[in-house]
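To keep things clear, I will list the structure first and then write my remarks on it.
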Amino acid sequence: MNRILKYLLLLSSFTYMSCDKFLEVDVPDNLVHDEYWQNREQVLASRNGMYSALHNNLNLFHVWGDIRSSLYTPGPGTSFSGDYRQFMVHDIYPTNGLVRWASVYTGITWINSFIKNAPSALEKDQTFKESELSTMMGEAHALRALNYFYLVRAFKEVPIIEDPYESDTQKFNTAAHTEVEVLDFIESDLEKALATVNADFENVNDRYGRITKNTVLAIWADVKLWRNEYQACLDLTSQLSAYRSRLLEPLDWFSIFSPGNSSESIFEYQYLQTGFSSPVYGWFGHFQPTSSGAKYMANSTNIGVNGSEIYPPTDLINWSADTIRLKDFSSYRMASVPYSGGSGFEVYKMVGQTPYIGNYRPSGSRNMNYIFYRYREILFMEAEALAMLGRYEEAEERINLVRFHCDIPEMMPGAMGTEVEFMRYLLMEREFELGFEGKEWFAAARVARRPGYQEVLIEKSAENNALGIQYQVVKARLLNQDGWFLPYHETELENNRSLVQKDFYKNK
């Protein structure tokens, strides 16, 4: 019981949206098996803890999936350290604190404990229904799949751990599994999840903040695209086609971010007025008077270069009124404001309350949700898969659908070219719609790993490097695909003697 109380004190802020009452959240650990897993409320609290673990890892997920994208430049905030700089210059070392995965595996072991022990509460609490447990078990499998999907995209080979901790001193000495093995494991979890999770929820925070069948379909389509299984990806995304009728009109586009949970949303981590504070505002807020300075800003040079390629001729500072995503105070504050150490564009969509005028989220209203999946990303997935199947006209239709709902002129047929040229344009389109939302490095790496497409990533990452590193230096660092994946942190190697550092990083 002392262990339960200890974790209640540590995790007292773990609350979660639900039509159930807010519950204190416990660590689902077999150490307290005799006192825990006794009733429905304890299982609900543990389910909430599995979701709360996502918050603990959002910074890592965001760093792994995004900040090597060509759109990033460091902001003036004091939270931008040398570890972040290594990511932006593509020179990452095993001592970098941002490659530590311990907190992600902590979340996974909580899920493992839930999967193993939650069913025992059915026998002890007659108010706990089997159908409710089945739904929550599906959510657990989907959350485990999501955690492993971040790990495998970041590190490629990672240990698969299915068992919960049994004691304080227990250590897992598990060798890294191959990428194929990890992806197979993820798909197995998603298959179990799709069979049992809810199609929808009445409560709005649950609808967008808990795993639904649409969430599972989105994750699974992403996995299939990572595996270059293009038709399988399309088979999954086709089941999300109802979202087409929910796409927001151009003047409503900003509601995707403020207030969030738009009709296009599939899965967002919910930040309420109680509980955790969202980190997003602190990552991106700079120009407003009450900010201490952003950690990240937008690389104005690359935005200008990319924008001039895919949009009609415009003034790069004051974009034309029909390019909503790039108009001042929509996605970006386009007026470049110098600061100590550099200059860049503010990512206004992350900190603004309304578009087209400077209206920042006031103190007390800065809990922006973290968007994991929204339907416009699904359309880009479809465009990528269709293009890889040679179905360019259909791929262009998906991109033009996104453009239409941003009040941006459509691409003319064939304007994006084919093969490598098409993917260059697609990745630029993705960045302007989905930039700074956490996955654009993953998208570029996914495309570039295909035979003949490596130059797509090298060109995007090496040109106009935000920290002024010469093109040839960055290019040399990216020529070996092993360097696109992260090293194992030295502490993880010490804790897991079966884990062996990758050859690419052994001399770093």
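Order determines the names: the first chain of the structure tokens is A, the second B, and so forth; residues in each chain are numbered 1 upward, and ligands are numbered 1 upward as they are shown.
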
Q | Nearby residues (only C-alpha atoms) at most 9 Å from Leu133 (chain A), same-chain spacing under 6 positions excluded, as a VMD selection string | A | chain A and resid 40 43 118 to 119 122

(Q) So that I can see what lies close to region 410-427 of chain A, please list as a list in words the residues with an atom at most 7 Å from it, counting only C-alpha atoms and leaving out residues fewer than 5 positions away in the same chain. (A) Asn400, Arg403, Phe404, Ala444, Tyr453 and Val456 of chain A

Q. Of the residues A:Lys502, A:Arg85, A:Lys295, A:Lys156, which is the one nearest to His177 (chain A), using only C-alpha atoms?
A. A:Lys156

Q | Polymer residues at most 6 Å from region 230-244 of chain A, only C-alpha atoms, same-chain spacing of 5 or more positions, as a list in words | A | Leu217, Ala221, Lys224, Leu225 and Ala385 of chain A

Q: Choose the residue, out of A:Ile303, A:Gly285, A:Ile408, A:Phe61, that has the smallest atom-to-atom separation from Ser103 (chain A); count only C-alpha atoms.
A: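 Of all the options, A:Phe61 lies closest to Ser103 (chain A).
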
Using only C-alpha atoms, what does the table of region 135-253 of chain A residues within 8 Å of region 258-261 of chain A look like, with each row giving the shortest atom pair and its distance in Å to one decimal, sorted by chain and ascending number, as CSV?
residue,atom,partner,partner_atom,distance
A:Val204,CA,A:Asn261,CA,7.8
A:Asn205,CA,A:Asn261,CA,7.8
A:Tyr208,CA,A:Asn261,CA,6.2

Any chance you can output those residues with C-alpha atoms as an mmCIF file, in the first residue's frame?
data_model
loop_
_atom_site.group_PDB
_atom_site.id
_atom_site.type_symbol
_atom_site.label_atom_id
_atom_site.label_comp_id
_atom_site.auth_asym_id
_atom_site.auth_seq_id
_atom_site.Cartn_x
_atom_site.Cartn_y
_atom_site.Cartn_z
ATOM 1 C CA VAL A 204 -16.113 15.038 -27.210
ATOM 2 C CA ASN A 205 -12.830 14.628 -25.337
ATOM 3 C CA TYR A 208 -10.870 12.637 -30.155
#

List as JSON lines every residue of region 392-455 of chain A that is in contact with region 348-368 of chain A, defined as an atom at most 12 Å from one of its atoms (using only C-alpha atoms), together with the nearest atom pair and the distance in Å rounded to one decimal, sorted by chain and then rising number.
{"residue": "A:Phe432", "atom": "CA", "partner": "A:Lys349", "partner_atom": "CA", "distance": 11.5}
{"residue": "A:Glu433", "atom": "CA", "partner": "A:Lys349", "partner_atom": "CA", "distance": 10.8}
{"residue": "A:Leu434", "atom": "CA", "partner": "A:Lys349", "partner_atom": "CA", "distance": 10.7}
{"residue": "A:Gly435", "atom": "CA", "partner": "A:Lys349", "partner_atom": "CA", "distance": 10.2}
{"residue": "A:Phe436", "atom": "CA", "partner": "A:Met350", "partner_atom": "CA", "distance": 8.6}
{"residue": "A:Glu437", "atom": "CA", "partner": "A:Met350", "partner_atom": "CA", "distance": 9.1}

Keeping only C-alpha atoms, write the selected residues as a short mmCIF file (atom, residue, chain, number, x, y, z; two decimals), in the first residue's frame.
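Dumped everything to part-v7.cif:
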data_model
loop_
_atom_site.label_atom_id
_atom_site.label_comp_id
_atom_site.auth_asym_id
_atom_site.auth_seq_id
_atom_site.Cartn_x
_atom_site.Cartn_y
_atom_site.Cartn_z
CA PHE A 432 3.24 23.45 -45.36
CA GLU A 433 0.11 21.64 -44.15
CA LEU A 434 1.56 19.43 -41.39
CA GLY A 435 4.81 21.18 -40.53
CA PHE A 436 5.81 21.29 -36.85
CA GLU A 437 3.18 18.67 -35.98
#

Every residue of region 154-312 of chain A that DSSP places in strand (DSSP E or B), as a PDB file with C-alpha atoms, in the first residue's frame:
ATOM      1  CA  VAL A 158      14.595  -2.080 -30.714  1.00  0.00           C
ATOM      2  CA  HIS A 177      14.709  -7.147 -32.519  1.00  0.00           C
ATOM      3  CA  SER A 265      -9.479  15.247 -36.068  1.00  0.00           C
ATOM      4  CA  ILE A 266      -8.765  11.550 -35.596  1.00  0.00           C
ATOM      5  CA  PHE A 267      -6.605  11.433 -32.450  1.00  0.00           C
ATOM      6  CA  GLU A 268      -5.303  14.225 -30.229  1.00  0.00           C
ATOM      7  CA  TYR A 269      -3.777  14.147 -26.774  1.00  0.00           C
ATOM      8  CA  TYR A 296      11.710  26.284 -32.118  1.00  0.00           C
ATOM      9  CA  MET A 297      11.078  28.637 -34.998  1.00  0.00           C
ATOM     10  CA  ALA A 298      10.541  28.139 -38.726  1.00  0.00           C
TER      11      ALA A 298
END
